[in-house]
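File shown: entry_32.csv. Contents: CSV, C-alpha atoms and all ligand atoms.
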chain,number,residue,atom,x,y,z
X,23,MET,CA,72.4,99.6,90.0
X,24,SER,CA,70.7,100.2,86.7
X,25,LYS,CA,71.4,97.3,84.4
X,26,LYS,CA,71.5,99.7,81.4
X,27,SER,CA,74.5,101.8,82.3
X,28,GLY,CA,76.1,99.5,84.9
X,29,ARG,CA,76.9,102.5,87.1
X,30,GLY,CA,73.5,103.5,88.4
X,31,GLN,CA,71.9,106.8,88.9
X,32,VAL,CA,71.2,108.8,92.0
X,33,ALA,CA,67.7,110.1,92.6
X,34,GLY,CA,67.6,113.8,93.1
X,35,LEU,CA,70.7,114.4,90.9
X,36,PRO,CA,71.1,114.9,87.2
X,37,ALA,CA,71.7,111.7,85.2
X,38,TRP,CA,75.0,111.4,83.4
X,39,ASP,CA,75.6,108.8,80.7
X,40,ARG,CA,79.2,108.3,81.9
X,41,CYS,CA,81.2,108.4,85.1
X,42,ALA,CA,80.5,111.9,86.6
X,43,VAL,CA,83.3,114.2,87.6
X,44,MET,CA,83.1,115.7,91.1
X,45,GLY,CA,85.5,118.7,91.5
X,46,VAL,CA,86.8,119.5,95.0
X,47,VAL,CA,86.7,122.8,96.7
X,48,ASN,CA,88.3,122.6,100.1
X,49,VAL,CA,87.6,125.8,102.0
X,50,THR,CA,90.3,125.0,104.6
X,51,PRO,CA,93.7,126.4,105.6
X,52,ASP,CA,95.1,122.8,106.1
X,53,SER,CA,93.6,120.3,103.7
X,54,PHE,CA,95.5,117.2,102.6
X,55,SER,CA,96.5,118.4,99.2
X,56,ASP,CA,95.2,121.9,98.4
X,57,GLY,CA,94.8,123.4,101.8
X,58,GLY,CA,94.9,127.2,102.0
X,59,HIS,CA,94.3,127.9,98.4
X,60,TRP,CA,90.6,128.6,98.4
X,61,PHE,CA,90.2,129.7,102.0
X,62,ASP,CA,88.4,132.9,101.1
X,63,THR,CA,84.7,132.7,100.1
X,64,THR,CA,85.0,134.6,96.8
X,65,ALA,CA,88.1,132.7,95.8
X,66,ALA,CA,86.4,129.4,96.7
X,67,ILE,CA,83.3,130.2,94.6
X,68,LYS,CA,85.5,131.3,91.6
X,69,HIS,CA,87.5,128.1,91.9
X,70,GLY,CA,84.2,126.0,91.9
X,71,LEU,CA,83.0,127.8,88.8
X,72,ASP,CA,86.4,127.3,87.1
X,73,LEU,CA,86.2,123.5,87.9
X,74,VAL,CA,82.7,123.5,86.2
X,75,ALA,CA,84.2,125.3,83.2
X,76,GLU,CA,86.9,122.6,83.0
X,77,GLY,CA,84.3,119.8,83.0
X,78,ALA,CA,83.2,119.1,86.5
X,79,ASP,CA,79.6,117.8,86.7
X,80,LEU,CA,79.3,118.6,90.4
X,81,VAL,CA,81.4,120.4,93.0
X,82,ASP,CA,82.1,119.1,96.5
X,83,VAL,CA,82.5,121.8,99.0
X,84,GLY,CA,84.2,121.0,102.4
X,85,GLY,CA,85.3,123.1,105.3
X,86,GLU,CA,87.0,120.5,107.4
X,87,SER,CA,90.3,118.8,106.6
X,88,THR,CA,90.1,115.0,107.1
X,89,ARG,CA,93.8,114.4,106.7
X,90,PRO,CA,95.4,112.1,109.4
X,91,GLY,CA,96.2,114.1,112.6
X,92,ALA,CA,94.0,117.1,111.6
X,93,THR,CA,92.2,118.7,114.6
X,94,ARG,CA,88.5,119.2,114.2
X,95,VAL,CA,87.2,122.6,113.1
X,96,ASP,CA,84.4,123.9,115.4
X,97,GLU,CA,80.9,124.0,114.1
X,98,ALA,CA,80.5,127.8,113.8
X,99,GLU,CA,83.7,128.0,111.8
X,100,GLU,CA,82.7,125.1,109.5
X,101,LEU,CA,79.4,126.8,108.8
X,102,ARG,CA,81.1,130.1,108.2
X,103,ARG,CA,83.5,128.5,105.6
X,104,VAL,CA,81.0,126.2,103.8
X,105,VAL,CA,77.5,127.7,103.6
X,106,PRO,CA,78.3,130.9,101.6
X,107,VAL,CA,80.3,128.9,99.1
X,108,VAL,CA,77.5,126.4,98.7
X,109,ARG,CA,75.0,129.3,98.3
X,110,GLY,CA,77.2,131.1,95.8
X,111,LEU,CA,77.8,128.0,93.6
X,112,ALA,CA,74.2,126.8,93.8
X,113,SER,CA,72.9,130.2,92.8
X,114,GLU,CA,75.0,129.9,89.6
X,115,GLY,CA,73.3,126.6,88.8
X,116,VAL,CA,76.1,124.3,89.9
X,117,THR,CA,75.2,120.9,91.3
X,118,VAL,CA,76.8,121.1,94.8
X,119,SER,CA,77.8,118.4,97.2
X,120,VAL,CA,78.7,119.3,100.8
X,121,ASP,CA,81.5,117.3,102.4
X,122,THR,CA,80.8,117.3,106.1
X,123,MET,CA,80.4,115.1,109.1
X,124,ARG,CA,78.1,117.5,110.9
X,125,ALA,CA,74.3,117.4,110.6
X,126,SER,CA,74.0,121.1,111.1
X,127,VAL,CA,76.4,121.9,108.2
X,128,ALA,CA,74.5,119.4,106.0
X,129,GLU,CA,71.1,120.9,106.9
X,130,ARG,CA,72.2,124.5,106.3
X,131,SER,CA,74.0,123.6,103.1
X,132,LEU,CA,70.9,121.8,101.8
X,133,ALA,CA,68.9,124.9,102.6
X,134,ALA,CA,71.5,127.0,100.7
X,135,GLY,CA,71.0,124.8,97.6
X,136,ALA,CA,73.3,121.8,98.0
X,137,ALA,CA,72.0,118.7,96.2
X,138,LEU,CA,74.1,115.9,97.9
X,139,VAL,CA,75.6,115.3,101.3
X,140,ASN,CA,79.0,113.6,101.3
X,141,ASP,CA,79.9,112.3,104.8
X,142,VAL,CA,83.3,110.6,105.1
X,143,SER,CA,82.0,109.0,108.3
X,144,GLY,CA,78.9,107.6,106.6
X,145,GLY,CA,76.8,109.1,109.4
X,146,LEU,CA,78.8,107.7,112.2
X,147,ALA,CA,80.4,110.9,113.5
X,148,ASP,CA,77.1,112.7,114.2
X,149,PRO,CA,74.0,110.8,115.3
X,150,ASP,CA,71.8,113.6,113.9
X,151,MET,CA,73.2,113.2,110.4
X,152,VAL,CA,71.1,110.4,109.0
X,153,PRO,CA,67.8,111.8,110.4
X,154,ALA,CA,68.7,115.2,108.9
X,155,VAL,CA,69.5,113.8,105.5
X,156,ALA,CA,66.4,111.6,105.6
X,157,ALA,CA,64.1,114.5,106.5
X,158,ALA,CA,65.5,116.6,103.7
X,159,GLY,CA,65.1,113.7,101.2
X,160,ALA,CA,68.7,114.3,100.0
X,161,PRO,CA,71.1,111.9,98.4
X,162,PHE,CA,73.9,110.7,100.7
X,163,VAL,CA,77.4,109.4,100.2
X,164,VAL,CA,78.3,106.6,102.7
X,165,MET,CA,82.1,106.2,102.8
X,166,HIS,CA,83.9,103.4,104.5
X,167,TRP,CA,85.2,104.8,107.8
X,168,ARG,CA,86.8,103.3,110.9
X,169,GLY,CA,87.0,106.4,113.0
X,170,PHE,CA,88.9,109.7,113.2
X,171,LEU,CA,92.5,109.6,112.1
X,172,GLU,CA,94.0,111.3,115.1
X,173,GLY,CA,97.6,110.2,115.6
X,174,GLY,CA,97.9,108.4,112.3
X,175,ASN,CA,96.3,105.8,110.2
X,176,VAL,CA,94.3,104.1,112.9
X,177,ARG,CA,92.6,100.8,112.6
X,178,GLY,CA,94.2,100.1,109.2
X,179,SER,CA,94.8,96.4,109.5
X,180,TYR,CA,92.8,93.9,107.4
X,181,GLU,CA,92.9,90.2,106.7
X,182,ASP,CA,90.9,90.6,103.5
X,183,VAL,CA,90.5,94.3,102.8
X,184,VAL,CA,87.8,93.9,100.1
X,185,SER,CA,85.5,91.7,102.0
X,186,GLU,CA,85.9,93.7,105.2
X,187,VAL,CA,85.2,97.0,103.5
X,188,VAL,CA,82.3,95.6,101.6
X,189,ASP,CA,80.8,94.0,104.7
X,190,GLU,CA,81.3,97.2,106.8
X,191,LEU,CA,79.9,99.4,104.0
X,192,HIS,CA,77.0,97.1,103.7
X,193,ALA,CA,76.2,97.4,107.4
X,194,ARG,CA,76.4,101.2,107.2
X,195,VAL,CA,74.1,101.2,104.1
X,196,GLU,CA,71.6,99.1,106.1
X,197,ALA,CA,71.8,101.5,109.0
X,198,VAL,CA,71.1,104.6,106.8
X,199,LEU,CA,68.2,102.9,105.0
X,200,ALA,CA,66.8,102.0,108.4
X,201,GLY,CA,67.3,105.7,109.3
X,202,GLY,CA,65.0,106.7,106.5
X,203,ILE,CA,67.3,107.6,103.6
X,204,ALA,CA,65.8,106.2,100.4
X,205,ALA,CA,67.7,103.4,98.7
X,206,ASP,CA,67.9,105.2,95.4
X,207,ARG,CA,69.7,108.1,97.1
X,208,VAL,CA,72.5,106.2,98.6
X,209,VAL,CA,76.1,106.2,97.1
X,210,VAL,CA,78.9,104.1,98.5
X,211,ASP,CA,82.6,104.9,98.6
X,212,PRO,CA,85.6,102.7,99.6
X,213,GLY,CA,87.2,105.6,101.5
X,214,LEU,CA,90.7,105.3,99.9
X,215,GLY,CA,93.4,106.3,102.4
X,216,PHE,CA,91.1,106.3,105.4
X,217,SER,CA,92.6,103.7,107.8
X,218,LYS,CA,94.1,102.1,104.7
X,219,GLU,CA,97.7,101.5,103.5
X,220,ALA,CA,98.7,101.9,99.8
X,221,GLU,CA,98.3,98.2,99.2
X,222,HIS,CA,94.7,98.3,100.6
X,223,ASP,CA,93.8,101.2,98.3
X,224,LEU,CA,95.1,99.4,95.3
X,225,THR,CA,93.4,96.2,96.1
X,226,LEU,CA,90.1,98.0,96.5
X,227,LEU,CA,90.6,99.7,93.2
X,228,ALA,CA,91.2,96.3,91.6
X,229,HIS,CA,87.9,95.1,93.0
X,230,LEU,CA,85.4,97.9,92.4
X,231,ASP,CA,83.0,95.3,91.0
X,232,ARG,CA,82.7,93.9,94.6
X,233,LEU,CA,81.7,97.4,95.8
X,234,SER,CA,79.2,97.8,93.0
X,235,ALA,CA,77.7,94.5,94.0
X,236,ILE,CA,76.5,96.2,97.2
X,237,GLY,CA,73.8,97.6,94.9
X,238,HIS,CA,74.5,101.3,95.0
X,239,PRO,CA,76.4,103.7,92.7
X,240,VAL,CA,80.1,103.9,93.6
X,241,LEU,CA,82.1,107.1,94.2
X,242,VAL,CA,85.9,106.8,94.0
X,243,ALA,CA,88.1,109.5,95.6
X,244,ALA,CA,91.7,108.8,94.8
X,245,SER,CA,92.8,112.3,93.9
X,246,ARG,CA,96.4,113.0,94.9
X,247,LYS,CA,96.3,110.5,97.7
X,248,ARG,CA,99.2,108.9,99.5
X,249,PHE,CA,99.0,105.6,97.7
X,250,LEU,CA,99.5,107.4,94.4
X,251,GLY,CA,102.7,108.9,95.9
X,252,ARG,CA,103.9,105.5,96.8
X,253,VAL,CA,103.1,104.0,93.3
X,254,LEU,CA,105.0,106.9,91.6
X,255,ALA,CA,107.9,106.7,94.0
X,256,GLY,CA,108.6,103.0,93.5
X,257,PRO,CA,109.9,100.9,96.4
X,258,GLU,CA,112.8,103.0,97.5
X,259,GLY,CA,112.1,106.5,96.2
X,260,ALA,CA,110.5,109.6,97.8
X,261,PRO,CA,106.9,110.2,96.9
X,262,PRO,CA,106.2,113.3,94.7
X,263,PRO,CA,104.3,116.1,96.4
X,264,ALA,CA,100.5,115.9,96.3
X,265,ARG,CA,100.2,118.5,93.5
X,266,GLU,CA,102.4,116.3,91.2
X,267,ARG,CA,100.0,113.4,91.4
X,268,ASP,CA,97.3,114.7,89.0
X,269,ALA,CA,98.3,112.5,86.0
X,270,ALA,CA,98.2,109.5,88.2
X,271,THR,CA,94.8,110.6,89.5
X,272,ALA,CA,93.5,110.9,85.9
X,273,ALA,CA,94.8,107.3,85.3
X,274,VAL,CA,92.7,106.2,88.3
X,275,SER,CA,89.7,108.1,86.9
X,276,ALA,CA,89.9,106.2,83.6
X,277,LEU,CA,90.3,102.8,85.5
X,278,ALA,CA,87.4,103.6,87.8
X,279,ALA,CA,85.1,104.8,85.0
X,280,HIS,CA,86.0,101.7,83.0
X,281,GLN,CA,84.9,99.6,86.0
X,282,GLY,CA,81.5,101.4,86.2
X,283,ALA,CA,82.1,103.9,89.0
X,284,TRP,CA,79.3,106.4,89.2
X,285,ALA,CA,81.6,109.3,89.9
X,286,VAL,CA,85.2,110.3,90.7
X,287,ARG,CA,86.2,113.0,93.1
X,288,VAL,CA,89.2,115.0,92.0
X,289,HIS,CA,91.1,118.3,92.6
X,290,GLU,CA,92.3,118.8,89.1
X,291,VAL,CA,89.3,118.4,86.8
X,292,ARG,CA,90.6,118.8,83.2
X,293,ALA,CA,92.5,115.6,82.8
X,294,THR,CA,89.8,113.5,84.6
X,295,ALA,CA,87.1,115.1,82.4
X,296,ASP,CA,89.0,113.8,79.4
X,297,ALA,CA,89.6,110.4,81.0
X,298,VAL,CA,85.9,109.7,81.8
X,299,ARG,CA,85.0,110.7,78.2
X,300,VAL,CA,87.5,108.4,76.7
X,301,ALA,CA,86.3,105.6,79.0
X,302,ARG,CA,82.7,106.4,77.8
X,303,ALA,CA,83.8,106.3,74.2
X,304,VAL,CA,85.4,102.9,74.6
X,305,GLU,CA,82.4,101.6,76.4
X,306,GLY,CA,80.2,102.9,73.5
X,307,ALA,CA,82.5,101.1,71.0
X,308,ARG,CA,82.1,97.9,73.0
X,309,THR,CA,78.3,98.2,73.0
X,310,VAL,CA,78.3,98.7,69.2
X,311,GLU,CA,80.6,95.8,68.7
X,312,GLY,CA,78.5,93.6,71.0
X,313,ALA,CA,75.3,94.5,69.0
X,314,ARG,CA,77.1,93.7,65.7
X,315,THR,CA,78.2,90.3,67.1
X,316,ALA,CA,74.7,89.5,68.3
X,317,GLU,CA,73.3,90.5,64.9
X,318,GLY,CA,75.9,88.3,63.1
X,319,THR,CA,74.9,85.2,65.2
X,320,ARG,CA,71.2,85.7,64.5
G,1,LIG,N1,88.6,112.0,100.9
G,1,LIG,C1,88.8,113.2,101.3
G,1,LIG,C2,87.8,114.2,101.6
G,1,LIG,N2,86.5,113.8,101.3
G,1,LIG,N3,84.9,112.3,100.5
G,1,LIG,C3,84.7,111.0,100.0
G,1,LIG,N4,83.4,110.7,99.7
G,1,LIG,N5,85.6,110.1,99.8
G,1,LIG,C4,86.9,110.4,100.1
G,1,LIG,O1,87.8,109.5,99.9
G,1,LIG,C5,87.3,111.7,100.6
G,1,LIG,C6,86.2,112.6,100.7
G,1,LIG,C7,90.2,113.6,101.7
G,1,LIG,O2,90.8,114.2,100.6
G,1,LIG,P1,91.2,115.8,100.4
G,1,LIG,O3,91.5,116.4,101.8
G,1,LIG,O4,92.3,115.8,99.5
G,1,LIG,O5,90.0,116.5,99.8

Can the structure from this file be put into structure tokens for me?
Ligand code: PMM
Amino acid sequence: MSKKSGRGQVAGLPAWDRCAVMGVVNVTPDSFSDGGHWFDTTAAIKHGLDLVAEGADLVDVGGESTRPGATRVDEAEELRRVVPVVRGLASEGVTVSVDTMRASVAERSLAAGAALVNDVSGGLADPDMVPAVAAAGAPFVVMHWRGFLEGGNVRGSYEDVVSEVVDELHARVEAVLAGGIAADRVVVDPGLGFSKEAEHDLTLLAHLDRLSAIGHPVLVAASRKRFLGRVLAGPEGAPPPARERDAATAAVSALAAHQGAWAVRVHEVRATADAVRVARAVEGARTVEGARTAEGTR
């Protein structure tokens, strides 16, 4: 991590002086929280451009739902969904990330103008992924992942969730570096909600400093996730639907930005764009105050 900003920069991507906002475009009929809305190419491109107008710094395009129990989409269909949307957005000058576990989709998306590969399996689902990203010289998001979520929240038990996630992510980072991806192009992500219960997600959010200590920029993707539903519901209540979790998502964005996250991945951009700017302003005020204090003691 760069000492200056505390959040690091990713080679091959623009540099932001605050936590970046990654807007989500799910080109899927069945995604966790916004499935079906942007399933058509033209609508998906328009949605991505709207997210940029609302303040997204980059747009994450995915064609496969990763929600628990989702069946895998076949490769041809994933390519059909994703590549034209990546091309359309990149041709408008948008910094595009492709959310995929398939090397072929990553390769074709990079050729169509994507700048970043976001793989929720951290390269584990497809043995060709790391070599493909390394050959293209692209930045890569390594998310903490314990396997496909068929049949529920599998492998979600931990003795010490922070240490285990950090150790497992560390091992994945070592593997992708050994596979030829440059260290300054690797981003890490705790994988909130993936083989994790609400209390695990909250504990990870409370300890983002431990993730940062791995030595790579951190991406936080809390948007509309189950754990926010649990927090909002309270111990006995029913969780609000995913679309009613955007204010809670923006609160997480502020907390993550305050702890030095490199980027937050969100469905509703406007509130998060405000949140990261407020976090930046507070950070700036602290820096000014720190400089004054140092001057006063001289
Ligand atoms: N979560 C989802 C999809 N892609 N990518 C990263 N890097 N980290 C995540 O936690 C993550 C992701 C699932 O959420 P969605 O289906 O609501 O987009």

Worksheet item: Residues within 7 Å of ligand LIG 1 (chain G) (only C-alpha atoms and all ligand atoms), as a VMD selection string?
Response: chain X and resid 46 48 53 to 56 87 to 89 121 140 to 142 163 165 211 213 to 215 241 to 247

Worksheet item: Which residue, X:Gly237, X:Gly144, X:Gly251, X:Gly77, has the smallest gap to Val43 of chain X when you use all atoms listed in the file?
Response: X:Gly77

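Considering the residues X:Ala197, X:Gly178, X:Arg40, X:Val120 and counting all atoms listed in the file, Pro149 of chain X has its shortest atom-to-atom contact with X:Ala197.
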
Response to the item:
One decimal place gives the atom CA of Gly282 of chain X-atom CA of Leu224 of chain X separation as 16.5 Å

Worksheet entry | Interatomic distance (Å, one decimal) between atom CA of Asp79 of chain X and atom CA of Ala303 of chain X | 17.5 Å

Item to complete: Please indicate the distance in Å from atom CA of Glu190 of chain X to atom CA of Ala276 of chain X, rounded to one decimal place.
Response: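 Interatomic distance here is 26.3 Å.
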
Return as JSON the centre and edge lengths, in Å with one decimal, of the box along x, y and z that encloses every atom of segment 259-269 of chain X in the file, padded by 6 Å per side.
{"center_x": 104.7, "center_y": 112.5, "center_z": 91.9, "size_x": 26.8, "size_y": 24.0, "size_z": 23.8}

Worksheet item: Taking into account all atoms listed in the file, which residue in the set X:Glu290, X:Glu186, X:Glu258, X:Glu305 is nearest to Glu76 of chain X?
Response: X:Glu290

Worksheet item: Between X:Ala33, X:Val105, X:Leu80, X:Ala147, which one has atoms that come closest to Phe170 of chain X, using all atoms listed in the file?
Response: X:Ala147

Item to complete: May I have the residues within 12 Å of Gln31 of chain X as a PyMOL selection string, using all atoms listed in the file and disregarding those fewer than 6 positions away in the same chain?
Response: chain X and resi 23-25+37-42+161+205-209+237-241+282-285

Discussion item. At a cut-off of 12 Å around the point (94.4, 108.8, 92.2) (file coordinates), what residues fall inside when counting only C-alpha atoms? I'd like the answer as number ranges by chain.
Written reply: X: 214-215, 220, 223-224, 227, 242-254, 264-278, 286-290, 293-294

Item to complete: Name the residues within 9 Å of (73.0, 122.4, 91.9), counting only C-alpha atoms in the file's coordinates, and put them as a ChimeraX atom specification.
Response: /X:35,80-81,111-119,135-138

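Taking all atoms listed in the file into account, Pro212 of chain X lies nearest to X:Val164 out of the set X:Val310, X:Val164, X:Val74, X:Ala125.
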
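Of the residues listed (X:Ala200, X:Met123, X:Ala134, X:Ala228), X:Met123 shows the shortest atom-to-atom separation from Val95 of chain X; distances use only C-alpha atoms.
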